[in-house]
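Shown next, in structure tokens, is the structure this report addresses.
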Amino acid sequence: MAAVIDAGERVKEVNIEGLALLKIVKHCHDCLPQMVTGSLLGLVENGVLEVTHAFAFPETRNRDKNMENDSDDVAGGLEGHEYQLEMMRMLREVNVDNNCVGWYQSMYLGIYSTTALLENQFSYQTDLSANAIVVLYDPMQTAHGNLTLKCYRLTDACLEYKKQGKNTYIDPNNIFEPVPVKLTNPGLVRALLADMVVTDGSASGDLLYNVTTGGASLTVNADTTFDRLDLSTNPYLEKHLEYLCTWVDELAAEQQKFQYYTRQLNQRGGNRNNNNNNNKKEEVDDSEGWASSSAPKRMESLLVSNQIRSYCNQMDKFAGGSLGKLFLTSGLHKNEKAAAK
Amino acid sequence: MASQTAFSSSGSIPALLLEDDPEVVSHLVVHPLVLLHVLDHHTRRQETDGRVIGTLLGRRDGDKIEVTNCFAVPHAERGDEVAIGKDFNKQMLALYNRTNRKETVVGWYASAALSEGKGLIADTSSLIHEFYAGESDEGDPVHLVVDTRMQTDSIAIRAFRSTPVTVLGEPLANLFHEVRLSLQSTEPETICLNQMTKSHDNNNSTTKQKEDLALQVSMEKLYSLLDTALQYVDSVVEGKVNPDPEVGRQIADTLACVPRVRPEVFDRLFNDSLQDLLMVTYLSNITRTQLAVAEKLNASLGV
């Protein structure tokens with residue numbers, strides 16, 4: 001990576017600029033249903049990580065023949081890492097912050113706790129900077145006026161664990177730690193937004209406005225107050241339950257692997273027991289057994305349980321909100337009933 | 001080469017525009033991302049530069065152009081001469097094409113020059129426009145100007161297209177016509193914009209917002225809107241306000257949108273949803289309990 005940030009202190013907060021956010025959002029939505037990744041540029045100041053720019057990574061090139069048109073130029077043929085360096089070099093020329101501070105990924109209905117993400121983030125945090133972060137944007141959950149944007153990094157405990165290549169237990173809550181995200185904008189952009197965004201619903205509902213000449217500004221209706229009152233719950237919950245089932249199945253499969261392996265270990269230990277009845281020997285053997293390369297990876301199941309927990313939380317939150325809305329509706333209808341009588 | 005701007009001073013449609021010709025671009029749709037990018041680029045300009053330029057990417061559909069993306073291009077202006085980062089433009093375009101193949105070059109943007117007495121379009125604009133005519137697929141690029149001079153209270157945005165003026169076969173000047181411009185944002189973009197303005201209003205707010213509070217705000221607003229409608233209808237009935245058939249029709253349409261649910265049907269719906277939600281909550285709780293047990297077992301394993 002071209003630039004390494006001074007890793008003095010851990011950042012406490014992430015400020016993301018509107019421009020970077022819109023770039024992320026655009027990229028993630030353009031490429032649906034594919035899940036995509038990209039790079040974040042910015043700088044660290046006073047313990048706050050400022051993300052000021054973002055650019056997309058190209059999809060891994062499928063080696064088909066319909067790309068002859070760019071075979072002659074240099075940039076068209078660049079692969080992952082080179083693409084990043086090239087892009088950053090180009091952006092440097094137009095004075096964009098040239099520090100890579102992390103990466104972003106689109107997530108599907110809150111699935112984030114995966115091995116791939118863990119490995120990727122680990123390499124960012126060890127190779128690039130201790131302050132590297134991953135920003136997760138959920139294009140599916142961003143609806144009804146709610147923006148789903150999360151920011152994570154690995155905890156120190158997890159970094160240590162990964163560095164030593166251990167295969168022991170680590171508290172699933174302690175793998176990823178969330179970092180608070182804040183939206184910020186420079187002065188000019190705020191001035192523009194104040195002009196163009198209508199949030200009080202005074203303009204009519206459609207999004208398209210004609211410009212008026214003579215310097216008057218454009219407006220866009222960004223009022224999402226009423227989208228929140230949507231009552232439908234089923235598609236969302238159905239998907240969640242479906243995924244929850246898959247995850248639980250996966251966890252069960254992992255557990256089975258463990259059981260099988262422990263039984264094997266016990267058998268071996270049992271044989272030795274018959275020979276010299278040494279309990280201590282067995283315990284030593286036990287921990288050695290888990291460190292051996294043939295043992296199943298414990299991180300897998302830990303990640304899965306982390307994922308299930310976050311799913312449960314998401315569902316609880318959603319169900320809580322829906323219950324509130326439901327009783328609200330019933331209250332409205334009670335009034336109507338009373339009025340009818 | 002001289003350039004000239006043509007505005008109509010009163011109406012919203014420029015006077016010289018040929019609205020009927022489907023080949024001529026008459027309408028430009030811009031996404032907020034582009035405007036934010038221009039402003040960001042402008043603040044990051046070299047100290048000596050008066051203005052910044054860049055390439056607009058998007059789609060062309062008949063007489064309508066939708067600008068969805070853009071990137072900055074370095075350039076230098078000295079007097080009547082202008083140098084554009086031609087290789088930079090080509091390289092950047094290739095890089096952008098890797099992530100999105102559907103977007104093509106549709107024109108260029110500039111922030112307004114700060115130098116004294118000049119309008120939104122400088123003399124060198126013609127030269128840059130000519131360059132982009134060669135770059136864009138259709139050969140008819142559009143020009144977006146974001147007025148960053150801050151001479152008025154607002155940041156004005158204008159769009160132009162250009163036609164050459166020839167006298168006796170000699171190219172004499174370029175005439176920039178103003179094009180109808182509108183702003184469009186997709187649903188997620190709208191949500192983002194809304195969040196942004198909210199976070200400006202309240203500097204301490206993070207992405208975690210209190211759901212129930214938001215619901216209360218929504219309901220209060222709904223009530224206030226209903227009150228306004230009710231007051232209007234009442235005053236019309238009492239004869240205080242002259243009835244407007246258009247408003248009346250719209251109110252009737254809105255009322256027609258509300259489904260009429262009979263109480264017993266509603267009760268059934270209510271109970272069904274309630275049971276679903278309770279069931280889901282129960283399931284998630286039970287899963288969580290099981291998870292805690294599984295974790296305990298896992299922790300004790302192989303220690």
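Lettering and numbering for the structure tokens are positional, with chains as A, B, ... in the shown order, residues counted from 1 in each chain, and ligands counted from 1 in the shown order.
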
Write out as a tab-separated table the residues of chain B that have any atom within 6 Å of an atom of chain A, one row each with the nearest atom pair and its distance in Å to one decimal, counting only C-alpha atoms, sorted by chain and then rising number.
residue	atom	partner	partner_atom	distance
B:Ser12	CA	A:Thr212	CA	5.1
B:Leu33	CA	A:Leu22	CA	5.9
B:Leu36	CA	A:Leu19	CA	5.8
B:Arg44	CA	A:Asn95	CA	5.9
B:Ala94	CA	A:Gly76	CA	5.7
B:Leu95	CA	A:Ala75	CA	5.9
B:Arg98	CA	A:Pro58	CA	5.4
B:Thr99	CA	A:Pro58	CA	4.7
B:Ala156	CA	A:Gly215	CA	5.1
B:Leu181	CA	A:Val211	CA	5.4
B:Ser182	CA	A:Asn210	CA	5.1
B:Gln184	CA	A:Leu208	CA	5.8
B:Thr190	CA	A:Ala222	CA	5.1
B:Ile191	CA	A:Gly145	CA	5.5
B:Asn194	CA	A:Ala222	CA	5.3
B:Thr206	CA	A:Lys182	CA	5.1
B:Ser218	CA	A:Thr225	CA	5.3
B:Leu277	CA	A:Ala319	CA	5.8
B:Thr281	CA	A:Asp316	CA	5.8
B:Ser284	CA	A:Cys312	CA	5.0
B:Ala299	CA	A:Tyr169	CA	5.6
B:Gly302	CA	A:Ser287	CA	5.5

As a VMD selection string, please: all residues of region 50-151 of chain B that backbone DSSP puts in strand (DSSP E). chain B and resid 53 to 61 64 to 73 75 to 78 81 to 84 104 to 111 142 to 146

Apply DSSP to the backbone of this structure and, from region 83-142 of chain B, keep only the residues in helix (DSSP H, G or I); write these as a list of chain:residue names. B:Lys86, B:Asp87, B:Phe88, B:Asn89, B:Lys90, B:Gln91, B:Met92, B:Leu93, B:Ala94, B:Leu95, B:Tyr96, B:Asn97, B:Arg98, B:Thr99, B:Ser125, B:Ser126, B:Leu127, B:Ile128, B:His129, B:Glu130, B:Phe131, B:Tyr132, B:Ala133, B:Gly134, B:Glu135

Counting only C-alpha atoms, the residue of B:Phe176, B:Asn97, B:Ala83, B:Cys70 that sits nearest Ile121 (chain B): B:Phe176

How far is it from CA of Pro74 (chain B) to CA of Ala159 (chain B), in Å with one decimal? 20.9 Å

Using only C-alpha atoms, find the one residue out of A:Val101, A:Val44, A:Met299, A:Val304 that sits nearest to Asp127 (chain A).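 That would be A:Val101, the residue with the smallest distance to Asp127 (chain A).
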
Determine, counting only C-alpha atoms, which protein, DNA and RNA residues have an atom within 12 Å of an atom of region 230-240 of chain B; residues of the same chain fewer than 6 positions away are not included. Present the result as a ChimeraX atom specification. /B:223-224,247-249,251-252

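Those residues that approach Asn98 (chain A) to within 9 Å, counting only C-alpha atoms, are A:Ala2, A:Ala3, A:Leu41, A:Gly42, A:Leu43, A:Met88, A:Arg89, A:Leu91, A:Arg92, A:Asn95, A:Val96, A:Cys100; same-chain residues fewer than 2 positions away are not listed.
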
As an exercise, work out the distance from CA of Ser106 (chain A) to CA of Thr197 (chain B) in Å and give it to one decimal place.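 Rounded to one decimal, the two atoms are 23.5 Å apart.
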
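Separating CA of Val179 (chain B) from CA of Phe160 (chain B) is a distance of 5.2 Å.
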